[in-house]
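Q: File name entry_33.cif; file contents mmCIF, C-alpha atoms and all ligand atoms; full text below.
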```
data_run
#
loop_
_atom_site.label_atom_id
_atom_site.label_comp_id
_atom_site.auth_asym_id
_atom_site.auth_seq_id
_atom_site.Cartn_x
_atom_site.Cartn_y
_atom_site.Cartn_z
CA MET A 806 0.00 0.00 0.00
CA ASN A 807 1.61 3.26 -1.13
CA ILE A 808 -0.39 6.35 -0.29
CA LYS A 809 1.15 8.51 -3.02
CA THR A 810 0.53 5.89 -5.72
CA ASN A 811 -3.04 5.33 -4.52
CA LEU A 812 -3.78 9.04 -4.58
CA GLU A 813 -2.29 9.49 -8.01
CA SER A 814 -4.25 6.63 -9.50
CA ILE A 815 -7.54 7.87 -8.05
CA LYS A 816 -6.89 11.46 -9.12
CA SER A 817 -5.96 10.48 -12.65
CA SER A 818 -9.39 8.89 -13.05
CA LEU A 819 -11.29 11.98 -11.88
CA SER A 820 -12.54 14.79 -14.07
CA GLU A 821 -11.79 18.26 -12.79
CA HIS A 822 -15.27 18.99 -11.49
CA VAL A 823 -14.95 16.22 -8.89
CA THR A 824 -13.28 17.10 -5.59
CA LEU A 825 -11.44 14.40 -3.69
CA VAL A 826 -11.67 14.44 0.10
CA ALA A 827 -8.99 12.18 1.59
CA VAL A 828 -10.64 10.51 4.57
CA SER A 829 -7.85 10.11 7.12
CA LYS A 830 -9.84 9.07 10.22
CA THR A 831 -7.94 6.73 12.56
CA LYS A 832 -4.73 7.18 10.52
CA PRO A 833 -1.49 8.55 12.00
CA ILE A 834 0.01 11.94 11.12
CA SER A 835 2.78 10.22 9.16
CA ASP A 836 0.16 8.85 6.74
CA LEU A 837 -1.51 12.24 6.40
CA MET A 838 1.88 13.82 5.70
CA GLU A 839 2.50 11.30 2.94
CA ALA A 840 -0.73 12.38 1.29
CA TYR A 841 0.09 16.03 1.91
CA ASN A 842 3.51 15.63 0.32
CA ALA A 843 1.83 14.03 -2.67
CA GLY A 844 -0.19 17.24 -3.08
CA GLN A 845 -3.40 16.44 -1.20
CA ARG A 846 -4.86 19.46 0.62
CA ILE A 847 -8.38 18.36 1.56
CA PHE A 848 -8.75 15.94 4.45
CA GLY A 849 -11.91 14.50 6.00
CA GLU A 850 -12.32 13.33 9.58
CA ASN A 851 -15.38 11.97 11.35
CA LYS A 852 -14.52 12.82 14.96
CA ILE A 853 -14.15 16.42 16.04
CA GLN A 854 -11.46 15.84 18.69
CA GLU A 855 -9.32 13.82 16.30
CA MET A 856 -9.66 16.50 13.63
CA VAL A 857 -8.69 19.22 16.12
CA ASP A 858 -5.58 17.25 17.14
CA LYS A 859 -4.55 16.70 13.55
CA TYR A 860 -5.25 20.32 12.62
CA GLY A 861 -2.76 21.29 15.35
CA GLN A 862 -0.06 19.04 13.96
CA MET A 863 -0.43 19.45 10.21
CA PRO A 864 0.53 22.34 7.87
CA LYS A 865 -1.91 25.23 7.85
CA ASP A 866 -2.85 25.25 4.15
CA ILE A 867 -5.15 22.24 4.57
CA GLU A 868 -8.94 22.33 4.20
CA TRP A 869 -10.47 20.25 6.96
CA HIS A 870 -13.84 18.64 6.30
CA MET A 871 -15.99 17.22 9.09
CA ILE A 872 -17.73 14.26 7.48
CA GLY A 873 -19.15 12.52 10.55
CA HIS A 874 -22.16 13.04 12.75
CA VAL A 875 -21.82 16.32 14.65
CA GLN A 876 -22.91 16.83 18.23
CA ARG A 877 -23.99 20.38 18.85
CA ASN A 878 -21.92 20.79 22.01
CA LYS A 879 -18.71 20.05 20.08
CA VAL A 880 -19.13 22.52 17.23
CA LYS A 881 -17.19 25.12 19.21
CA TYR A 882 -13.97 23.08 19.03
CA MET A 883 -13.78 23.18 15.24
CA ALA A 884 -15.47 26.50 14.45
CA GLU A 885 -12.18 28.34 14.16
CA PHE A 886 -10.85 26.31 11.26
CA VAL A 887 -13.25 23.77 9.72
CA SER A 888 -13.85 24.50 6.05
CA LEU A 889 -16.84 22.28 5.27
CA ILE A 890 -19.27 20.40 7.53
CA HIS A 891 -20.90 17.59 5.54
CA GLY A 892 -23.35 16.19 8.08
CA VAL A 893 -25.77 18.99 8.91
CA ASP A 894 -29.01 17.20 9.65
CA SER A 895 -31.10 19.72 11.56
CA PHE A 896 -31.81 23.43 11.79
CA LYS A 897 -30.73 23.35 15.45
CA LEU A 898 -27.28 22.18 14.42
CA LEU A 899 -27.03 24.76 11.66
CA LYS A 900 -27.97 27.47 14.16
CA GLU A 901 -25.24 26.33 16.54
CA ILE A 902 -22.68 26.33 13.72
CA ASN A 903 -23.80 29.86 12.84
CA LYS A 904 -23.39 30.96 16.47
CA GLN A 905 -19.89 29.51 16.80
CA ALA A 906 -18.79 30.81 13.40
CA LYS A 907 -19.89 34.30 14.41
CA LYS A 908 -17.57 34.20 17.42
CA HIS A 909 -14.68 33.72 15.03
CA ASN A 910 -15.96 36.18 12.48
CA ARG A 911 -16.27 33.39 9.94
CA VAL A 912 -18.80 32.00 7.51
CA ILE A 913 -18.74 28.20 7.63
CA ASN A 914 -19.75 26.21 4.57
CA CYS A 915 -22.16 23.36 5.24
CA LEU A 916 -23.87 20.53 3.40
CA LEU A 917 -27.32 19.25 4.35
CA GLN A 918 -27.14 15.53 4.98
CA ILE A 919 -30.06 13.84 3.28
CA LYS A 920 -31.16 10.40 4.40
CA ILE A 921 -30.89 8.25 1.32
CA ALA A 922 -30.21 4.82 2.83
CA GLU A 923 -32.89 2.35 3.77
CA GLU A 924 -31.08 1.40 6.97
CA ASP A 925 -32.28 3.12 10.13
CA SER A 926 -28.74 3.70 11.35
CA LYS A 927 -27.85 6.42 8.87
CA PHE A 928 -28.34 10.02 9.90
CA GLY A 929 -29.86 12.66 7.73
CA MET A 930 -32.93 14.72 7.03
CA SER A 931 -35.70 13.98 4.56
CA ALA A 932 -35.79 15.82 1.24
CA GLU A 933 -38.98 17.52 2.46
CA ASP A 934 -37.36 18.74 5.67
CA ALA A 935 -34.41 20.10 3.69
CA SER A 936 -36.74 21.97 1.41
CA THR A 937 -38.70 23.43 4.35
CA LEU A 938 -35.43 24.49 6.00
CA LEU A 939 -34.16 26.30 2.91
CA GLN A 940 -37.42 28.23 2.59
CA SER A 941 -37.74 29.26 6.24
CA ASP A 942 -37.31 32.84 7.47
CA GLU A 943 -35.07 31.60 10.29
CA PHE A 944 -32.71 30.13 7.73
CA SER A 945 -32.50 33.35 5.76
CA GLU A 946 -31.38 35.14 8.92
CA LEU A 947 -28.22 33.06 9.39
CA GLN A 948 -25.25 35.21 8.41
CA HIS A 949 -22.39 32.93 9.38
CA THR A 950 -23.27 29.71 7.61
CA ASN A 951 -23.41 29.03 3.94
CA VAL A 952 -25.30 25.96 2.75
CA VAL A 953 -23.50 24.95 -0.42
CA GLY A 954 -24.92 21.52 -1.17
CA VAL A 955 -26.01 18.10 0.01
CA MET A 956 -24.38 14.95 1.31
CA GLY A 957 -25.59 11.39 1.47
CA MET A 958 -24.46 7.97 2.59
CA ALA A 959 -25.74 4.96 0.74
CA THR A 960 -26.83 1.74 2.40
CA PHE A 961 -23.91 -0.48 3.44
CA THR A 962 -24.41 -3.24 0.88
CA ASN A 963 -22.77 -4.90 -2.10
CA ASN A 964 -25.95 -4.43 -4.07
CA MET A 965 -24.86 -1.82 -6.60
CA GLY A 966 -28.41 -1.47 -7.92
CA GLN A 967 -29.58 -0.39 -4.48
CA ILE A 968 -26.69 2.07 -4.13
CA GLU A 969 -27.34 3.50 -7.58
CA LYS A 970 -30.98 4.09 -6.72
CA GLU A 971 -29.95 5.99 -3.58
CA PHE A 972 -27.36 8.10 -5.41
CA LYS A 973 -29.88 9.01 -8.08
CA PHE A 974 -32.33 10.01 -5.38
CA LEU A 975 -29.73 12.35 -3.87
CA LYS A 976 -29.02 13.88 -7.26
CA SER A 977 -32.70 14.55 -7.94
CA THR A 978 -33.16 15.95 -4.42
CA PHE A 979 -30.23 18.27 -5.10
CA GLN A 980 -31.83 19.48 -8.32
CA LYS A 981 -35.10 20.24 -6.56
CA LEU A 982 -33.39 22.05 -3.70
CA LYS A 983 -31.29 24.05 -6.13
CA THR A 984 -34.44 25.64 -7.52
CA LEU A 985 -35.02 27.02 -4.00
CA ASN A 986 -31.43 28.12 -3.41
CA SER A 987 -29.10 28.76 -6.29
CA LYS A 988 -26.02 28.66 -4.03
CA LEU A 989 -26.18 24.88 -3.91
CA ALA A 990 -23.36 23.42 -5.99
CA THR A 991 -21.96 20.39 -4.19
CA ILE A 992 -23.17 16.80 -4.08
CA SER A 993 -21.01 14.84 -1.63
CA MET A 994 -21.51 11.15 -2.32
CA GLY A 995 -19.29 8.16 -2.98
CA MET A 996 -16.67 6.33 -0.90
CA SER A 997 -13.91 3.83 -1.73
CA GLY A 998 -16.26 1.08 -2.83
CA ASP A 999 -18.67 3.13 -4.90
CA TYR A 1000 -17.19 6.46 -5.95
CA GLN A 1001 -17.11 5.63 -9.67
CA LEU A 1002 -20.81 4.87 -9.55
CA ALA A 1003 -21.41 8.02 -7.49
CA ILE A 1004 -19.68 10.15 -10.11
CA GLU A 1005 -21.77 8.58 -12.87
CA CYS A 1006 -24.81 9.56 -10.80
CA GLY A 1007 -23.69 13.18 -10.49
CA SER A 1008 -21.37 13.37 -7.48
CA THR A 1009 -19.12 16.44 -7.33
CA MET A 1010 -17.29 15.47 -4.15
CA ILE A 1011 -16.12 12.02 -3.14
CA ARG A 1012 -14.94 10.96 0.31
CA VAL A 1013 -12.30 8.28 -0.04
CA GLY A 1014 -10.47 6.64 2.87
CA SER A 1015 -9.37 3.03 2.57
CA SER A 1016 -8.51 3.20 -1.14
CA ILE A 1017 -5.92 5.85 -0.26
CA PHE A 1018 -4.71 4.93 3.23
CA GLY A 1019 -5.48 1.22 3.40
CA SER A 1020 -8.06 -0.51 5.53
CA ARG A 1021 -8.87 0.62 9.04
CA ASN A 1022 -8.98 -1.53 12.15
CA TYR A 1023 -11.83 0.51 13.49
CA SER A 1024 -13.82 3.50 12.34
C1 LIG A 1101 -15.15 6.58 6.68
C2 LIG A 1101 -16.03 7.40 5.82
C3 LIG A 1101 -15.78 7.51 4.45
C4 LIG A 1101 -14.66 6.79 3.72
O1 LIG A 1101 -14.88 5.42 3.69
P1 LIG A 1101 -13.95 4.44 2.80
O2 LIG A 1101 -14.84 3.31 2.52
O3 LIG A 1101 -12.78 4.10 3.67
O4 LIG A 1101 -13.54 5.18 1.59
C5 LIG A 1101 -16.62 8.33 3.70
N1 LIG A 1101 -17.63 9.01 4.28
C6 LIG A 1101 -17.89 8.95 5.59
C7 LIG A 1101 -19.03 9.73 6.15
C8 LIG A 1101 -17.10 8.14 6.41
O5 LIG A 1101 -17.37 8.08 7.73
#
```
Go ahead and express the file in the form of structure tokens.
A:
Amino acid sequence: MNIKTNLESIKSSLSEHVTLVAVSKTKPISDLMEAYNAGQRIFGENKIQEMVDKYGQMPKDIEWHMIGHVQRNKVKYMAEFVSLIHGVDSFKLLKEINKQAKKHNRVINCLLQIKIAEEDSKFGMSAEDASTLLQSDEFSELQHTNVVGVMGMATFTNNMGQIEKEFKFLKSTFQKLKTLNSKLATISMGMSGDYQLAIECGSTMIRVGSSIFGSRNYS
């Protein structure tokens, strides 16, 4: 497993409108530095504390993406530096992000996580809730958050037909929401096992971990 080679082979297969988030959760700084030295500047983590620790140890020209479930009481730890929060699944959370961003005089980019999987375990809001949120007066008052797109996680299955159906649903949800808010531009979908399919279905941002850094013992 060579991180640089893995990155290069993935990147060479991507068209320029697809952004690669290198998912480095559970991996040591030395692995992240290998990716950094190979040119990677966008890293994704799913635990706030781990991301904060790595932010402290890595070069400062990195964009840090929070891709995991976010607890409201932890937003404050990342508000100073996080560049995109993928998993926004409620207005309450968005409001907290707005509040913490304001303290740092920042505007934090966010994606609305849409529930696309059939499993109960996956977080996310319904397409209807997302549409209600984007049209609400309360939403229009938030000055320190910028909702720039949607994110989804497909069902954990080898059934590519099922995954494709879910990706297509996210794409069509995105198109509907975009008619309500023209700022939406990003569709974050696709991981190591399914990012090619995700791109065929319209993904603009893929979150790839194990195909770059090797398998994890835990996640
Ligand atoms: C871990 C994780 C990924 C990356 O998974 P791989 O299968 O290792 O590519 C992508 N998205 C989220 C939300 C994750 O938690």
Q: For segment 1010-1019 of chain A, list every protein, DNA or RNA residue within 8 Å, evaluated using all atoms listed in the file, and leave out those in the same chain fewer than 2 positions away; present the list as a list in words.
A: Met806, Asn807, Ile808, Asn811, Leu812, Val823, Thr824, Leu825, Val826, Ala827, Val828, Ser829, Lys830, Lys832, Asp836, Gly849, Thr991, Ile992, Ser993, Met994, Gly995, Met996, Ser997, Tyr1000, Ala1003, Ser1008 and Arg1021 of chain A
Q: Just how far from atom CA of Asp925 of chain A is atom CA of Phe972 of chain A, in Å to one decimal?
A: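 These atoms are spaced 17.0 Å apart.
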Q: One number please: atom CA of Glu933 of chain A to atom CA of Thr978 of chain A, in Å, one decimal.
A: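 A separation of 9.1 Å between them.
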Q: Please determine, counting all atoms listed in the file, which residue among A:Gly1007, A:Gly929, A:Gly957, A:Gly844 has the shortest atom-to-atom distance to ligand LIG 1101 (chain A).
A: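 Between A:Gly1007, A:Gly929, A:Gly957, A:Gly844, the residue approaching ligand LIG 1101 (chain A) most closely is A:Gly957.
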Q: Nearest to Gly873 of chain A: which of A:Met930, A:Gln845, A:Glu839, A:Gln918 is it, counting all atoms listed in the file?
A: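 When distances to Gly873 of chain A are compared using all atoms listed in the file, the smallest one comes from A:Gln918.
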Q: Let me make sure I understand: among A:Ile913, A:Ile872, A:Ile1004, A:Ile890, which one has the smallest atom-to-atom distance to ligand LIG 1101 (chain A) if we use only C-alpha atoms and all ligand atoms?
A: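 Between A:Ile913, A:Ile872, A:Ile1004, A:Ile890, the residue approaching ligand LIG 1101 (chain A) most closely is A:Ile872.
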Q: So how far away is atom CA of Phe896 of chain A from atom CA of Arg846 of chain A, in Å?
A: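 Answer for the atom CA of Arg846 of chain A to atom CA of Phe896 of chain A separation: 29.4 Å.
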Q: I need the residue nearest ligand LIG 1101 (chain A) from this list: A:Met965, A:Leu938, A:Ala959, A:Ala843. Use all atoms listed in the file for the distance.
A: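 Answer, going by the shortest atom-to-atom distance: A:Ala959.
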Q: With all atoms listed in the file as the atoms that count, which of A:Lys900, A:Lys881, A:Lys852, A:Lys809 lies nearest to ligand LIG 1101 (chain A)?
A: A:Lys852
Q: Using all atoms listed in the file for the distances, tell me which of A:Ser888, A:Thr810, A:Ser818, A:Gln854 is nearest to Ala840 of chain A.
A: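 Under the stated criterion, the closest residue is A:Thr810.
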Q: Find the residues near segment 944-953 of chain A: any atom within 10 Å, counting only C-alpha atoms, skip ones fewer than 6 places away on the same chain, and give them as an MDAnalysis selection string.
A: chainID A and resid 889:891 893 896 899:917 937:938 983 986:992
Q: Find the spatial neighbours of Gly861 of chain A, counting all atoms listed in the file, within a cut-off of 12 Å - ignore same-chain residues fewer than 5 positions away - and output them as a list of chain:residue names.
A: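 Near Gly861 of chain A, the qualifying residues are A:Ile834, A:Gln854, A:Glu855, A:Met856, A:Asp866, A:Ile867, A:Trp869, A:Tyr882, A:Met883, A:Glu885, A:Phe886.
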Q: What does the file look like for those residues with C-alpha atoms, as a short mmCIF file (atom, residue, chain, number, x, y, z; two decimals), in the coordinates of the input?
A:
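Okay, this is what ended up in out.cif:
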```
data_model
loop_
_atom_site.label_atom_id
_atom_site.label_comp_id
_atom_site.auth_asym_id
_atom_site.auth_seq_id
_atom_site.Cartn_x
_atom_site.Cartn_y
_atom_site.Cartn_z
CA ILE A 834 0.01 11.94 11.12
CA GLN A 854 -11.46 15.84 18.69
CA GLU A 855 -9.32 13.82 16.30
CA MET A 856 -9.66 16.50 13.63
CA ASP A 866 -2.85 25.25 4.15
CA ILE A 867 -5.15 22.24 4.57
CA TRP A 869 -10.47 20.25 6.96
CA TYR A 882 -13.97 23.08 19.03
CA MET A 883 -13.78 23.18 15.24
CA GLU A 885 -12.18 28.34 14.16
CA PHE A 886 -10.85 26.31 11.26
#
```
Q: May I have the centre and edge lengths, in Å to one decimal, of an axis-aligned box around the listed atoms of segment 908-917 of chain A with 4 Å added to every side, as JSON?
A:
```
{"center_x": -21.0, "center_y": 27.7, "center_z": 10.4, "size_x": 20.6, "size_y": 24.9, "size_z": 22.0}
```
